[in-house]
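Below is protein.csv, which holds CSV, C-alpha atoms.
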chain,number,residue,atom,x,y,z
A,23,MET,CA,-1.3,8.3,5.7
A,24,HIS,CA,-3.1,7.2,2.5
A,25,ALA,CA,-5.9,4.8,2.0
A,26,TYR,CA,-7.3,3.3,-1.3
A,27,CYS,CA,-10.8,2.2,-2.3
A,28,VAL,CA,-12.0,0.7,-5.6
A,29,HIS,CA,-15.7,1.4,-5.3
A,30,PRO,CA,-16.2,4.5,-3.1
A,31,VAL,CA,-19.6,4.1,-1.6
A,32,LEU,CA,-19.2,7.0,0.8
A,33,SER,CA,-22.5,7.0,2.6
A,34,GLY,CA,-23.7,8.5,5.8
A,35,LYS,CA,-21.0,10.4,7.6
A,36,ALA,CA,-18.1,9.0,5.5
A,37,VAL,CA,-17.0,12.3,4.0
A,38,SER,CA,-17.2,14.1,7.3
A,39,ASN,CA,-15.2,11.2,8.9
A,40,ILE,CA,-12.6,11.5,6.2
A,41,GLU,CA,-12.3,15.3,6.6
A,42,ASN,CA,-11.9,14.9,10.4
A,43,SER,CA,-9.4,12.0,10.3
A,44,VAL,CA,-5.6,11.9,10.4
A,45,MET,CA,-5.6,10.5,6.9
A,46,ASP,CA,-3.9,12.7,4.3
A,47,GLU,CA,-5.7,11.3,1.3
A,48,LEU,CA,-8.2,8.7,0.2
A,49,VAL,CA,-7.6,7.6,-3.4
A,50,VAL,CA,-10.7,6.1,-5.1
A,51,THR,CA,-11.6,5.0,-8.6
A,52,ASP,CA,-14.4,6.4,-10.8
A,53,THR,CA,-16.3,3.2,-11.0
A,54,ILE,CA,-19.2,4.8,-9.3
A,55,PRO,CA,-20.0,8.6,-9.2
A,56,LEU,CA,-19.1,10.5,-6.0
A,57,SER,CA,-21.7,12.6,-4.2
A,58,GLU,CA,-21.4,16.3,-4.6
A,59,GLU,CA,-20.1,16.5,-1.0
A,60,ALA,CA,-17.4,13.8,-1.7
A,61,SER,CA,-16.3,15.4,-5.0
A,62,HIS,CA,-15.6,18.7,-3.1
A,63,CYS,CA,-13.6,17.0,-0.4
A,64,THR,CA,-9.9,17.9,-0.8
A,65,ARG,CA,-8.8,14.7,0.9
A,66,ILE,CA,-10.4,12.5,-1.8
A,67,ARG,CA,-8.5,11.9,-5.1
A,68,VAL,CA,-10.2,10.1,-8.0
A,69,LEU,CA,-8.4,7.9,-10.5
A,70,SER,CA,-10.0,7.0,-13.8
A,71,VAL,CA,-10.2,3.3,-14.8
A,72,ALA,CA,-11.1,4.2,-18.4
A,73,ASP,CA,-7.7,3.4,-19.9
A,74,MET,CA,-7.5,0.1,-18.1
A,75,LEU,CA,-11.0,-0.9,-19.2
A,76,ALA,CA,-10.3,0.2,-22.8
A,77,GLU,CA,-7.1,-1.9,-22.9
A,78,THR,CA,-8.9,-4.9,-21.4
A,79,LEU,CA,-11.6,-4.7,-24.1
A,80,ARG,CA,-9.1,-4.2,-26.9
A,81,ARG,CA,-7.1,-7.3,-25.7
A,82,MET,CA,-10.3,-9.4,-25.5
A,83,ALA,CA,-11.3,-8.3,-29.0
A,84,PHE,CA,-7.9,-9.4,-30.5
A,85,GLY,CA,-7.6,-12.6,-28.4
A,86,GLU,CA,-4.6,-11.2,-26.4
A,87,SER,CA,-3.8,-11.9,-22.8
A,88,VAL,CA,-5.9,-9.9,-20.3
A,89,SER,CA,-4.5,-11.4,-17.1
A,90,SER,CA,-1.0,-9.9,-17.9
A,91,LEU,CA,-2.5,-6.5,-17.3
A,92,TYR,CA,-3.2,-7.3,-13.7
A,93,VAL,CA,-0.2,-9.4,-12.8
A,94,ASP,CA,3.3,-7.9,-12.1

Take the structure in the file and give it back as structure tokens.
Amino acid sequence: MHAYCVHPVLSGKAVSNIENSVMDELVVTDTIPLSEEASHCTRIRVLSVADMLAETLRRMAFGESVSSLYVD
């Protein structure tokens, strides 16, 4: 089982709960930094949003569609 989170505020016992759960992986974005404990958890995978943000800014600068990035 996989779970996904955009802004991973993993406070309190969150990392311990993840490590002791049946979940295979929690996929998060790098919109906020992870704690040291969370960054060492093998069940947490971090995806960068840098490319998406850069493309959004480029499109805004050139007056191109931004919404088409987020709609299938």

Any idea what the distance is between CA of Asp52 in chain A and CA of Val71 in chain A? 6.6 Å

Select, from A:His24, A:Leu48, A:Ala36, A:Leu91, the residue with the minimum atom-to-atom distance to Asp73 in chain A, counting all atoms listed in the file.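 Closest candidate: A:Leu91.
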
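For the pair CA of Ser89 in chain A and CA of Val28 in chain A, the separation is 18.3 Å.
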
Which residues come within 10 Å of Ile40 in chain A, counting only C-alpha atoms, excluding same-chain residues fewer than 6 positions away, as a ChimeraX atom specification? /A:32,46-48,60,63-66

For Met45 in chain A, which residue among A:Met82, A:Ser57, A:Tyr26, A:Ser33 is the nearest when counting only C-alpha atoms? A:Tyr26

Can you measure CA of Cys27 in chain A to CA of Val88 in chain A for me? One decimal in Å is fine.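 Taking CA of Cys27 in chain A as the start and CA of Val88 in chain A as the end point, the length is 22.2 Å.
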
Supply range 73-85 of chain A as a CSV table (one decimal), keeping the file's coordinate frame, with N, CA and C atoms built in where the input has gaps.
chain,number,residue,atom,x,y,z
A,73,ASP,N,-8.8,4.0,-19.1
A,73,ASP,CA,-7.7,3.4,-19.9
A,73,ASP,C,-7.5,1.9,-19.7
A,74,MET,N,-7.6,1.5,-18.4
A,74,MET,CA,-7.5,0.1,-18.1
A,74,MET,C,-8.6,-0.7,-18.7
A,75,LEU,N,-9.8,-0.2,-18.6
A,75,LEU,CA,-11.0,-0.9,-19.2
A,75,LEU,C,-10.9,-1.0,-20.7
A,76,ALA,N,-10.5,0.1,-21.3
A,76,ALA,CA,-10.3,0.2,-22.8
A,76,ALA,C,-9.3,-0.9,-23.3
A,77,GLU,N,-8.2,-0.9,-22.6
A,77,GLU,CA,-7.1,-1.9,-22.9
A,77,GLU,C,-7.6,-3.3,-22.7
A,78,THR,N,-8.4,-3.6,-21.7
A,78,THR,CA,-8.9,-4.9,-21.4
A,78,THR,C,-9.8,-5.3,-22.6
A,79,LEU,N,-10.7,-4.4,-23.0
A,79,LEU,CA,-11.6,-4.7,-24.1
A,79,LEU,C,-10.9,-4.9,-25.4
A,80,ARG,N,-9.8,-4.1,-25.7
A,80,ARG,CA,-9.1,-4.2,-26.9
A,80,ARG,C,-8.4,-5.6,-26.9
A,81,ARG,N,-7.8,-6.0,-25.8
A,81,ARG,CA,-7.1,-7.3,-25.7
A,81,ARG,C,-8.1,-8.5,-25.9
A,82,MET,N,-9.3,-8.3,-25.3
A,82,MET,CA,-10.3,-9.4,-25.5
A,82,MET,C,-10.7,-9.5,-27.0
A,83,ALA,N,-10.9,-8.3,-27.6
A,83,ALA,CA,-11.3,-8.3,-29.0
A,83,ALA,C,-10.3,-9.0,-30.0
A,84,PHE,N,-9.0,-8.8,-29.6
A,84,PHE,CA,-7.9,-9.4,-30.5
A,84,PHE,C,-7.4,-10.7,-29.9
A,85,GLY,N,-8.0,-11.3,-28.9
A,85,GLY,CA,-7.6,-12.6,-28.4
A,85,GLY,C,-6.2,-12.5,-27.7
